[in-house]
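Have a look at protein.csv; it's CSV, C-alpha atoms:
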chain,number,residue,atom,x,y,z
A,1,MET,CA,148.8,90.4,98.2
A,2,MET,CA,151.1,90.4,95.1
A,3,THR,CA,152.7,93.8,94.5
A,4,SER,CA,152.4,95.4,91.1
A,5,ASN,CA,156.1,94.7,90.3
A,6,ALA,CA,155.6,91.1,91.2
A,7,ALA,CA,152.5,90.9,89.0
A,8,PHE,CA,154.4,92.4,86.1
A,9,LYS,CA,157.3,89.9,86.5
A,10,LYS,CA,154.7,87.1,86.5
A,11,ARG,CA,153.2,88.3,83.3
A,12,VAL,CA,156.7,88.5,81.7
A,13,ARG,CA,157.4,84.9,82.7
A,14,GLU,CA,154.1,83.8,81.2
A,15,LEU,CA,154.8,85.7,78.0
A,16,ALA,CA,158.3,84.1,77.8
A,17,ALA,CA,156.9,80.6,78.3
A,18,GLN,CA,154.0,81.1,75.9
A,19,HIS,CA,156.2,82.2,73.0
A,20,ASP,CA,159.4,80.4,74.1
A,21,ILE,CA,161.5,83.5,74.2
A,22,PRO,CA,164.1,84.8,76.7
A,23,TYR,CA,162.9,86.7,79.7
A,24,SER,CA,164.5,89.9,78.6
A,25,GLU,CA,162.8,89.8,75.3
A,26,ALA,CA,159.4,89.1,76.9
A,27,ARG,CA,160.0,92.0,79.3
A,28,SER,CA,160.8,94.4,76.4
A,29,ARG,CA,157.8,93.3,74.4
A,30,LEU,CA,155.5,93.8,77.3
A,31,LEU,CA,156.9,97.3,78.0
A,32,ARG,CA,156.7,98.3,74.4
A,33,ALA,CA,153.1,97.0,74.1
A,34,GLU,CA,151.9,98.9,77.2
A,35,HIS,CA,154.1,101.9,77.2
A,36,PRO,CA,155.6,102.4,73.8
A,37,LYS,CA,156.9,105.9,74.7
A,38,SER,CA,158.2,105.0,78.2
A,39,GLY,CA,161.6,103.8,79.3
A,40,ALA,CA,162.3,100.5,81.0
A,41,GLY,CA,162.5,102.2,84.4
A,42,ASN,CA,158.7,102.4,84.5
A,43,ALA,CA,158.1,98.7,85.0
A,44,PRO,CA,155.9,99.0,88.1
A,45,ALA,CA,153.6,101.5,86.3
A,46,ALA,CA,153.4,99.0,83.3
A,47,ALA,CA,152.1,96.3,85.6
A,48,SER,CA,149.3,98.4,87.0
A,49,GLY,CA,148.1,99.5,83.5
A,50,ALA,CA,147.3,96.1,82.1
A,51,GLY,CA,146.3,96.3,78.5
A,52,ASP,CA,143.8,94.0,76.7
A,53,PRO,CA,145.8,91.6,74.4
A,54,THR,CA,142.6,90.8,72.5
A,55,ALA,CA,142.1,94.4,71.6
A,56,ARG,CA,145.8,94.8,70.6
A,57,TYR,CA,145.7,91.8,68.4
A,58,ALA,CA,142.4,92.9,66.8
A,59,GLN,CA,143.9,96.3,66.1
A,60,LEU,CA,147.0,94.8,64.6
A,61,ILE,CA,145.2,92.2,62.5
A,62,GLY,CA,142.7,94.8,61.3
A,63,THR,CA,145.4,97.2,60.3
A,64,VAL,CA,147.3,94.6,58.3
A,65,VAL,CA,144.2,93.3,56.6
A,66,ILE,CA,143.1,96.8,55.6
A,67,ALA,CA,146.5,97.7,54.3
A,68,HIS,CA,146.8,94.4,52.3
A,69,ALA,CA,143.3,94.8,50.8
A,70,ARG,CA,144.2,98.2,49.6
A,71,ALA,CA,147.5,96.9,48.2
A,72,ILE,CA,145.7,94.2,46.3
A,73,ALA,CA,143.1,96.6,44.9
A,74,GLU,CA,145.9,98.9,43.7
A,75,ALA,CA,147.7,95.9,42.1
A,76,TYR,CA,144.5,95.0,40.2
A,77,ARG,CA,144.2,98.6,39.0
A,78,LEU,CA,147.8,98.6,37.8
A,79,ASP,CA,147.2,95.3,36.0
A,80,GLU,CA,144.2,96.6,34.2
A,81,SER,CA,146.1,99.8,33.1
A,82,ALA,CA,149.0,97.7,31.8
A,83,GLU,CA,146.6,95.3,30.1
A,84,LEU,CA,144.8,98.2,28.4
A,85,ALA,CA,148.1,99.7,27.3
A,86,TRP,CA,149.1,96.3,25.8
A,87,VAL,CA,145.8,96.0,23.9
A,88,GLN,CA,146.2,99.5,22.5
A,89,GLU,CA,149.7,98.7,21.3
A,90,LYS,CA,148.5,95.5,19.5
A,91,GLU,CA,145.6,97.5,18.0
A,92,ARG,CA,148.1,100.1,16.7
A,93,ASP,CA,149.9,97.1,15.0
A,94,GLY,CA,146.7,96.2,13.2
A,95,LEU,CA,145.7,93.3,15.4
A,96,ARG,CA,142.3,92.4,16.9
A,97,VAL,CA,142.4,91.4,20.5
A,98,VAL,CA,140.1,88.5,21.3
A,99,THR,CA,139.1,86.1,24.1
A,100,SER,CA,138.8,82.4,23.4
A,101,GLY,CA,137.8,79.3,25.3
A,102,GLN,CA,136.3,75.9,25.4
A,103,ASP,CA,132.8,75.2,26.5
A,104,GLY,CA,132.8,71.9,28.4
A,105,SER,CA,135.1,68.9,28.2
A,106,PRO,CA,136.3,67.3,24.9
A,107,ASP,CA,134.3,64.3,23.7
A,108,ALA,CA,135.8,60.9,22.8
A,109,ASP,CA,137.4,62.2,19.5
A,110,GLY,CA,139.0,65.2,21.2
A,111,ARG,CA,136.5,67.8,20.0
A,112,SER,CA,134.7,70.3,22.1
A,113,ASP,CA,132.5,73.4,21.7
A,114,TRP,CA,134.5,76.7,21.6
A,115,SER,CA,133.9,80.3,21.0
A,116,ILE,CA,136.0,83.4,20.2
A,117,ALA,CA,134.8,86.9,21.2
A,118,ASP,CA,136.0,90.5,20.6
A,119,TRP,CA,137.8,91.7,23.7
A,120,ARG,CA,136.3,95.1,23.6
A,121,THR,CA,132.7,94.5,22.6
A,122,ARG,CA,132.4,90.9,24.0
A,123,GLN,CA,130.6,90.0,20.8
A,124,THR,CA,131.1,86.4,19.7
A,125,ILE,CA,132.9,86.5,16.3
A,126,ALA,CA,133.4,82.7,15.8
A,127,SER,CA,132.3,79.4,17.4
A,128,GLY,CA,132.3,75.8,16.6
A,129,HIS,CA,132.9,72.2,17.6
A,130,SER,CA,136.4,70.8,16.9
A,131,THR,CA,139.8,70.0,18.2
A,132,PHE,CA,142.0,72.8,19.3
A,133,ASP,CA,144.2,72.5,16.2
A,134,GLU,CA,141.1,72.8,13.9
A,135,VAL,CA,139.9,76.1,15.3
A,136,PRO,CA,140.0,78.6,12.4
A,137,TRP,CA,142.3,81.4,13.7
A,138,ALA,CA,142.4,84.7,11.7
A,139,LYS,CA,145.9,86.1,11.1
A,140,ASP,CA,145.1,89.4,12.7
A,141,TRP,CA,143.7,87.9,15.9
A,142,ILE,CA,145.7,87.9,19.2
A,143,ASP,CA,144.3,86.4,22.4
A,144,ILE,CA,144.2,88.5,25.5
A,145,SER,CA,145.9,85.6,27.4
A,146,ASN,CA,149.1,86.7,25.8
A,147,ALA,CA,149.0,89.8,28.1
A,148,ASP,CA,149.8,87.4,30.9
A,149,THR,CA,153.4,87.5,29.7
A,150,LEU,CA,153.6,91.0,31.2
A,151,GLY,CA,154.4,89.2,34.4
A,152,LEU,CA,152.7,91.7,36.7
A,153,ALA,CA,153.2,90.9,40.3
A,154,HIS,CA,150.5,90.9,43.0
A,155,PRO,CA,151.5,91.9,46.5
A,156,VAL,CA,152.3,89.0,48.7
A,157,GLU,CA,153.5,91.1,51.7
A,158,THR,CA,152.8,94.7,52.3
A,159,ALA,CA,155.3,96.9,54.2
A,160,VAL,CA,153.0,96.4,57.2
A,161,VAL,CA,153.4,92.6,57.1
A,162,ALA,CA,157.1,92.8,56.4
A,163,ALA,CA,157.5,94.8,59.6
A,164,LEU,CA,155.8,92.1,61.7
A,165,SER,CA,158.9,89.9,61.9
A,166,GLU,CA,160.4,91.9,64.7
A,167,ASP,CA,157.3,93.1,66.5
A,168,ILE,CA,155.1,90.0,66.7
A,169,ALA,CA,155.2,86.5,68.0
A,170,PRO,CA,155.9,83.9,65.3
A,171,PRO,CA,152.5,82.1,65.7
A,172,LEU,CA,150.6,85.3,65.3
A,173,ARG,CA,152.7,86.3,62.3
A,174,SER,CA,152.1,83.0,60.6
A,175,PHE,CA,148.4,83.3,61.3
A,176,ILE,CA,148.3,86.7,59.6
A,177,LEU,CA,150.3,85.6,56.6
A,178,ASP,CA,148.0,82.6,56.1
A,179,LEU,CA,145.0,85.0,56.3
A,180,LEU,CA,146.5,87.3,53.7
A,181,ALA,CA,147.5,84.4,51.4
A,182,GLY,CA,143.8,83.5,51.3
A,183,MET,CA,142.9,87.1,50.4
A,184,ASP,CA,145.1,86.9,47.3
A,185,LEU,CA,142.9,84.2,45.9
A,186,GLU,CA,139.6,86.1,46.2
A,187,ASP,CA,138.0,89.2,44.7
A,188,TRP,CA,136.6,90.5,48.0
A,189,PRO,CA,139.7,92.4,49.1
A,190,ARG,CA,139.3,94.7,46.1
A,191,ASP,CA,135.7,95.3,46.9
A,192,PHE,CA,136.5,95.8,50.6
A,193,ALA,CA,139.3,98.3,49.7
A,194,ASP,CA,136.9,100.2,47.4
A,195,TRP,CA,134.3,100.3,50.2
A,196,LEU,CA,136.9,101.6,52.7
A,197,ASN,CA,138.0,104.4,50.3
A,198,GLU,CA,134.3,105.4,49.8
A,199,ASP,CA,133.7,105.3,53.5
A,200,ARG,CA,136.7,107.4,54.6
A,201,GLY,CA,134.7,110.6,54.9

Spell out the structure here as structure tokens.
Amino acid sequence: MMTSNAAFKKRVRELAAQHDIPYSEARSRLLRAEHPKSGAGNAPAAASGAGDPTARYAQLIGTVVIAHARAIAEAYRLDESAELAWVQEKERDGLRVVTSGQDGSPDADGRSDWSIADWRTRQTIASGHSTFDEVPWAKDWIDISNADTLGLAHPVETAVVAALSEDIAPPLRSFILDLLAGMDLEDWPRDFADWLNEDRG
């Protein structure tokens, strides 16, 4: 029968082979994962208290996803506050902030349906069918798209993700980063973060 120390060494070798890391690093990771507050001298005890890697990974991924979702939601809120401040500044300068856009693809002569709406009321204030250059643009209008020049940054990595480089195997870190990159492209992280905040109590 394999002793607990021999079983621990076997798991270290397997971890080292799986992640292509030195034996000493694999041993340190295994000890930290199972006994984060214990010293290296407790190796036999670590072997007998085998943890569930699936549960550890689930907890890690869940923690990062939640933190990232909240960071995205906060970035959106900051964007909206900055955009509103920009609108108010333009209105103080006597401008009317509008939204504009094409409806459908241009026809053979380069004309398409278009509409312009008041940014605050969403009421359509002009529409027509023409080329872009033929759109009648009032001198006191400014399109909300100009607020994009504020250059507000959305979070790519939270502090939690940045800390993964030393604490996690590269394949798992890559998986988490890919997961979070997809979150940046969707609206659901904000809804998810709002739900988390409401459900805290």

*CA of Leu172 in chain A to CA of Pro189 in chain A: how many Å, to one decimal?*
20.8 Å

*Separation of CA of Asp107 in chain A and CA of Ala147 in chain A, in Å?*
29.8 Å

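Restricting the calculation to all atoms listed in the file, the smallest distance between Ser105 in chain A and any of A:Arg13, A:His19, A:Arg56, A:His129 is found for A:His129.
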
*Find the residues near Ala138 in chain A: any atom within 12 Å, counting all atoms listed in the file, skip ones fewer than 2 places away on the same chain, and give them as an MDAnalysis selection string.*
chainID A and resid 95:98 116 125:126 135:136 140:143

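Atom pair CA of Asp178 in chain A / CA of Arg190 in chain A: separated by 17.9 Å.
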
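Of the listed residues A:Asp148, A:Asp103, A:Glu83, A:Asp118, the one whose atoms come nearest to Phe132 in chain A is A:Asp103, with distances taken using all atoms listed in the file.
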
*Can you work out which one of A:Ser115, A:Lys139, A:Leu179, A:Ser145 has the shortest atom-to-atom distance to Val65 in chain A, counting only C-alpha atoms?*
A:Leu179

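Considering the residues A:Leu196, A:Arg120, A:Ser174, A:Trp188 and counting all atoms listed in the file, Gln88 in chain A has its shortest atom-to-atom contact with A:Arg120.
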
*Name the closest residue to Leu177 in chain A among the candidates A:Val64, A:Gly101, A:Thr54, A:Ala75; distances are taken between atoms, counting only C-alpha atoms.*
A:Val64
